[in-house]
Amino acid sequence: MTPLIVIPAAGSSSRMKGRDKLLEPVEGKPLLRRQTEAAMASGCPVMVALPPGGGARDKALDGLAVTRITVRDAAEGMGATLRTAALFAARHAPDRPMMILLPDVPGIGVFDIKSVIARFEAEGGTRPVRASDAEGRPGAPLIVPAALIAAFTTLTGDDGGKGALSGQDVVCLPLSGDRGTRDLDTPEDWAAWR
């Protein structure tokens with residue numbers, strides 16, 4: 001079964017010195033829209049988790065057939081966003097695996113998304129599969145079996161999923177270079193990447 005792709009886009013971009021990293025232009029589009037379109041191109045259902053009010057991030061998704069949810073306690077951190085997304089997934093897509101696609105990792109495209117899904121299926125759909133860089137450092141996207149989604153519903157603070165993956169036999173799928181691990185959190189990160 002195809003996964004529900006979750007794009008956690010409720011963070012504050014606090015290290016961007018007043019700019020919003022998810023609205024930075026990449027190939028003529030806001031990064032959030034570009035990554036959402038890549039997720040949609042995989043043929044999977046897509047859900048985007050947004051901060052209260054949505055604002056410009058919500059507007060960047062205009063015209064896209066994706067589910068949007070509000071993370072009321074987004075200020076708590078990534079754990080709150082993943083918890084909210086997992087609760088939605090458990091309620092609305094309980095039998096689907098869940099893929100977490102970080103929107104601030106612009107090296108990831110539809111080919112990578114499909115590769116992680118294919119590896120997950122090849123493993124029998126029972127073990128989490130996570131992209132890594134060439135050296136094996138874990139990155140994104142991450143796909144988890146439906147049975148593991150409940151572990152994400154208890155995340156708190158800025159836990160990006162480590163607590164939910166504790167004790168799990170996670171399969172790493174190396175991607176070339178740093179495509180799966182290079183996130184852009186600061187203006188300096190963006191300048192170096194560009």
# chains A, B, ... in the order shown; residues from 1 in each chain; ligands from 1
call {"tool": "residues_around", "arguments": {"residues": "Ile117 in chain A", "least_positions_apart": "3", "cutoff": "9 Å", "atoms": "only C-alpha atoms", "output": "VMD selection string"}}
result
chain A and resid 2 to 3 99 112 to 114 120 to 122 129 143
call {"tool": "closest_atom_pairs", "arguments": {"of": "range 131-193 of chain A", "to": "range 52-73 of chain A", "cutoff": "12 Å", "atoms": "only C-alpha atoms", "output": "CSV"}}
result
residue,atom,partner,partner_atom,distance
A:Thr156,CA,A:Asp73,CA,10.3
A:Gly157,CA,A:Asp73,CA,10.0
A:Asp158,CA,A:Asp73,CA,11.7
call {"tool": "write_last_selection", "arguments": {"atoms": "N, CA and C atoms", "output": "PDB file, in the first residue's frame"}}
result
ATOM      1  N   THR A 156       7.165  14.485  21.974  1.00  0.00           N
ATOM      2  CA  THR A 156       7.049  15.804  22.604  1.00  0.00           C
ATOM      3  C   THR A 156       8.274  16.638  22.272  1.00  0.00           C
ATOM      4  N   GLY A 157       8.189  17.908  22.580  1.00  0.00           N
ATOM      5  CA  GLY A 157       9.332  18.803  22.410  1.00  0.00           C
ATOM      6  C   GLY A 157       9.855  18.839  20.989  1.00  0.00           C
ATOM      7  N   ASP A 158      11.162  18.798  20.876  1.00  0.00           N
ATOM      8  CA  ASP A 158      11.778  18.883  19.552  1.00  0.00           C
ATOM      9  C   ASP A 158      12.235  17.510  19.068  1.00  0.00           C
TER      10      ASP A 158
END
call {"tool": "residues_around", "arguments": {"residues": "range 176-180 of chain A", "least_positions_apart": "3", "cutoff": "8 Å", "atoms": "only C-alpha atoms", "output": "ChimeraX atom specification"}}
result
/A:105-108,131-134,138-141
call {"tool": "write_last_selection", "arguments": {"atoms": "C-alpha atoms", "output": "CSV table (one decimal), in the first residue's frame"}}
result
chain,number,residue,atom,x,y,z
A,105,VAL,CA,16.0,19.2,2.4
A,106,PRO,CA,15.9,20.4,-1.2
A,107,GLY,CA,18.2,17.7,-2.6
A,108,ILE,CA,15.3,15.2,-2.4
A,131,ALA,CA,17.5,7.7,3.4
A,132,SER,CA,21.1,8.4,4.4
A,133,ASP,CA,24.1,10.1,2.9
A,134,ALA,CA,26.9,8.2,1.3
A,138,PRO,CA,20.6,9.1,8.7
A,139,GLY,CA,18.5,11.7,6.9
A,140,ALA,CA,15.2,12.0,5.1
A,141,PRO,CA,12.8,10.8,3.8
call {"tool": "closest_residue", "arguments": {"among": "A:Ala118, A:Leu22, A:Ala85, A:Ala39", "to": "Asp104 in chain A", "atoms": "only C-alpha atoms"}}
result
A:Leu22
call {"tool": "residues_around", "arguments": {"residues": "Ala164 in chain A", "least_positions_apart": "5", "cutoff": "8 Å", "atoms": "only C-alpha atoms", "output": "JSON, numbers by chain"}}
result
{"A": [148, 151, 152, 155]}
call {"tool": "select_by_dssp", "arguments": {"residues": "chain A", "states": "strand (DSSP E)", "output": "PDB file with N, CA and C atoms, in the first residue's frame"}}
result
ATOM      1  N   LEU A   4       1.194   7.382   3.177  1.00  0.00           N
ATOM      2  CA  LEU A   4       0.784   8.766   3.320  1.00  0.00           C
ATOM      3  C   LEU A   4       2.066   9.556   3.531  1.00  0.00           C
ATOM      4  N   ILE A   5       2.317  10.526   2.657  1.00  0.00           N
ATOM      5  CA  ILE A   5       3.515  11.357   2.818  1.00  0.00           C
ATOM      6  C   ILE A   5       3.156  12.566   3.674  1.00  0.00           C
ATOM      7  N   VAL A   6       3.886  12.713   4.765  1.00  0.00           N
ATOM      8  CA  VAL A   6       3.685  13.819   5.700  1.00  0.00           C
ATOM      9  C   VAL A   6       4.829  14.818   5.514  1.00  0.00           C
ATOM     10  N   ILE A   7       4.476  16.061   5.271  1.00  0.00           N
ATOM     11  CA  ILE A   7       5.467  17.132   5.147  1.00  0.00           C
ATOM     12  C   ILE A   7       5.316  18.052   6.358  1.00  0.00           C
ATOM     13  N   PRO A   8       6.247  17.965   7.312  1.00  0.00           N
ATOM     14  CA  PRO A   8       6.148  18.802   8.517  1.00  0.00           C
ATOM     15  C   PRO A   8       6.624  20.222   8.239  1.00  0.00           C
ATOM     16  N   PRO A  25      13.010  30.801  -2.680  1.00  0.00           N
ATOM     17  CA  PRO A  25      12.786  30.310  -4.045  1.00  0.00           C
ATOM     18  C   PRO A  25      13.832  29.277  -4.469  1.00  0.00           C
ATOM     19  N   VAL A  26      13.340  28.186  -5.025  1.00  0.00           N
ATOM     20  CA  VAL A  26      14.183  27.146  -5.610  1.00  0.00           C
ATOM     21  C   VAL A  26      13.541  26.772  -6.943  1.00  0.00           C
ATOM     22  N   LYS A  29      10.185  28.508  -7.516  1.00  0.00           N
ATOM     23  CA  LYS A  29       9.033  28.227  -6.667  1.00  0.00           C
ATOM     24  C   LYS A  29       9.453  28.287  -5.210  1.00  0.00           C
ATOM     25  N   PRO A  30       8.496  28.583  -4.308  1.00  0.00           N
ATOM     26  CA  PRO A  30       8.826  28.458  -2.890  1.00  0.00           C
ATOM     27  C   PRO A  30       9.223  27.004  -2.599  1.00  0.00           C
ATOM     28  N   VAL A  46      -0.705  13.103   0.016  1.00  0.00           N
ATOM     29  CA  VAL A  46       0.222  14.017   0.696  1.00  0.00           C
ATOM     30  C   VAL A  46      -0.541  14.859   1.712  1.00  0.00           C
ATOM     31  N   MET A  47       0.052  14.997   2.889  1.00  0.00           N
ATOM     32  CA  MET A  47      -0.502  15.834   3.937  1.00  0.00           C
ATOM     33  C   MET A  47       0.589  16.804   4.382  1.00  0.00           C
ATOM     34  N   VAL A  48       0.232  18.086   4.478  1.00  0.00           N
ATOM     35  CA  VAL A  48       1.178  19.108   4.908  1.00  0.00           C
ATOM     36  C   VAL A  48       0.713  19.650   6.257  1.00  0.00           C
ATOM     37  N   ALA A  49       1.609  19.607   7.233  1.00  0.00           N
ATOM     38  CA  ALA A  49       1.311  20.115   8.576  1.00  0.00           C
ATOM     39  C   ALA A  49       1.794  21.559   8.667  1.00  0.00           C
ATOM     40  N   LEU A  50       0.873  22.476   8.934  1.00  0.00           N
ATOM     41  CA  LEU A  50       1.160  23.910   8.918  1.00  0.00           C
ATOM     42  C   LEU A  50       0.970  24.534  10.303  1.00  0.00           C
ATOM     43  N   THR A  67      -3.838  17.411   1.563  1.00  0.00           N
ATOM     44  CA  THR A  67      -4.523  17.634   2.824  1.00  0.00           C
ATOM     45  C   THR A  67      -3.662  18.565   3.667  1.00  0.00           C
ATOM     46  N   ARG A  68      -4.281  19.548   4.265  1.00  0.00           N
ATOM     47  CA  ARG A  68      -3.562  20.482   5.136  1.00  0.00           C
ATOM     48  C   ARG A  68      -4.117  20.340   6.541  1.00  0.00           C
ATOM     49  N   ILE A  69      -3.213  20.216   7.502  1.00  0.00           N
ATOM     50  CA  ILE A  69      -3.644  20.176   8.892  1.00  0.00           C
ATOM     51  C   ILE A  69      -2.904  21.264   9.664  1.00  0.00           C
ATOM     52  N   THR A  70      -3.518  21.718  10.733  1.00  0.00           N
ATOM     53  CA  THR A  70      -2.926  22.757  11.574  1.00  0.00           C
ATOM     54  C   THR A  70      -2.317  22.124  12.824  1.00  0.00           C
ATOM     55  N   MET A  98       3.562   5.513   6.805  1.00  0.00           N
ATOM     56  CA  MET A  98       3.695   6.965   6.828  1.00  0.00           C
ATOM     57  C   MET A  98       5.125   7.336   6.460  1.00  0.00           C
ATOM     58  N   MET A  99       5.260   8.226   5.487  1.00  0.00           N
ATOM     59  CA  MET A  99       6.573   8.740   5.105  1.00  0.00           C
ATOM     60  C   MET A  99       6.697  10.172   5.597  1.00  0.00           C
ATOM     61  N   ILE A 100       7.817  10.471   6.236  1.00  0.00           N
ATOM     62  CA  ILE A 100       8.101  11.836   6.673  1.00  0.00           C
ATOM     63  C   ILE A 100       9.103  12.423   5.691  1.00  0.00           C
ATOM     64  N   VAL A 129      12.404   2.442   6.886  1.00  0.00           N
ATOM     65  CA  VAL A 129      13.477   2.668   5.915  1.00  0.00           C
ATOM     66  C   VAL A 129      13.736   4.168   5.880  1.00  0.00           C
ATOM     67  N   ARG A 130      15.028   4.502   5.943  1.00  0.00           N
ATOM     68  CA  ARG A 130      15.422   5.898   6.009  1.00  0.00           C
ATOM     69  C   ARG A 130      16.544   6.170   5.026  1.00  0.00           C
ATOM     70  N   ALA A 131      16.420   7.274   4.298  1.00  0.00           N
ATOM     71  CA  ALA A 131      17.516   7.694   3.428  1.00  0.00           C
ATOM     72  C   ALA A 131      18.698   8.107   4.295  1.00  0.00           C
ATOM     73  N   SER A 132      19.885   7.927   3.751  1.00  0.00           N
ATOM     74  CA  SER A 132      21.092   8.370   4.441  1.00  0.00           C
ATOM     75  C   SER A 132      22.020   8.992   3.410  1.00  0.00           C
ATOM     76  N   PRO A 138      22.062   9.168   8.965  1.00  0.00           N
ATOM     77  CA  PRO A 138      20.630   9.131   8.669  1.00  0.00           C
ATOM     78  C   PRO A 138      20.069  10.485   8.287  1.00  0.00           C
ATOM     79  N   GLY A 139      19.120  10.448   7.358  1.00  0.00           N
ATOM     80  CA  GLY A 139      18.495  11.671   6.867  1.00  0.00           C
ATOM     81  C   GLY A 139      17.030  11.465   6.566  1.00  0.00           C
ATOM     82  N   ALA A 140      16.588  12.023   5.460  1.00  0.00           N
ATOM     83  CA  ALA A 140      15.184  11.961   5.059  1.00  0.00           C
ATOM     84  C   ALA A 140      15.118  11.718   3.554  1.00  0.00           C
ATOM     85  N   PRO A 141      14.026  11.118   3.099  1.00  0.00           N
ATOM     86  CA  PRO A 141      12.817  10.783   3.834  1.00  0.00           C
ATOM     87  C   PRO A 141      12.941   9.503   4.660  1.00  0.00           C
ATOM     88  N   LEU A 142      11.989   9.365   5.573  1.00  0.00           N
ATOM     89  CA  LEU A 142      11.863   8.200   6.436  1.00  0.00           C
ATOM     90  C   LEU A 142      10.472   7.627   6.228  1.00  0.00           C
ATOM     91  N   ILE A 143      10.366   6.312   6.052  1.00  0.00           N
ATOM     92  CA  ILE A 143       9.057   5.669   5.948  1.00  0.00           C
ATOM     93  C   ILE A 143       8.949   4.634   7.055  1.00  0.00           C
ATOM     94  N   VAL A 144       7.783   4.624   7.713  1.00  0.00           N
ATOM     95  CA  VAL A 144       7.562   3.678   8.812  1.00  0.00           C
ATOM     96  C   VAL A 144       6.304   2.867   8.526  1.00  0.00           C
ATOM     97  N   VAL A 171      16.324   0.345   8.380  1.00  0.00           N
ATOM     98  CA  VAL A 171      17.118   0.085   7.180  1.00  0.00           C
ATOM     99  C   VAL A 171      17.521   1.426   6.588  1.00  0.00           C
ATOM    100  N   CYS A 172      18.815   1.611   6.308  1.00  0.00           N
ATOM    101  CA  CYS A 172      19.278   2.848   5.680  1.00  0.00           C
ATOM    102  C   CYS A 172      19.465   2.632   4.189  1.00  0.00           C
ATOM    103  N   LEU A 173      19.004   3.577   3.416  1.00  0.00           N
ATOM    104  CA  LEU A 173      19.177   3.563   1.970  1.00  0.00           C
ATOM    105  C   LEU A 173      20.089   4.725   1.604  1.00  0.00           C
ATOM    106  N   PRO A 174      21.364   4.453   1.292  1.00  0.00           N
ATOM    107  CA  PRO A 174      22.279   5.547   0.969  1.00  0.00           C
ATOM    108  C   PRO A 174      21.905   6.239  -0.345  1.00  0.00           C
TER     109      PRO A 174
END
call {"tool": "closest_residue", "arguments": {"among": "A:Pro45, A:Pro103, A:Gly77, A:Gly11", "to": "Asp183 in chain A", "atoms": "only C-alpha atoms"}}
result
A:Pro103
call {"tool": "atom_distance", "arguments": {"atom1": "CA of Gln168 in chain A", "atom2": "CA of Thr81 in chain A"}}
result
21.1 Å
call {"tool": "atom_distance", "arguments": {"atom1": "CA of Ala192 in chain A", "atom2": "CA of Gly161 in chain A"}}
result
27.3 Å
call {"tool": "closest_residue", "arguments": {"among": "A:Ala41, A:Met1, A:Val116, A:Ala86", "to": "Thr154 in chain A", "atoms": "only C-alpha atoms"}}
result
A:Ala86
call {"tool": "atom_distance", "arguments": {"atom1": "CA of Pro145 in chain A", "atom2": "CA of Arg34 in chain A"}}
result
25.8 Å
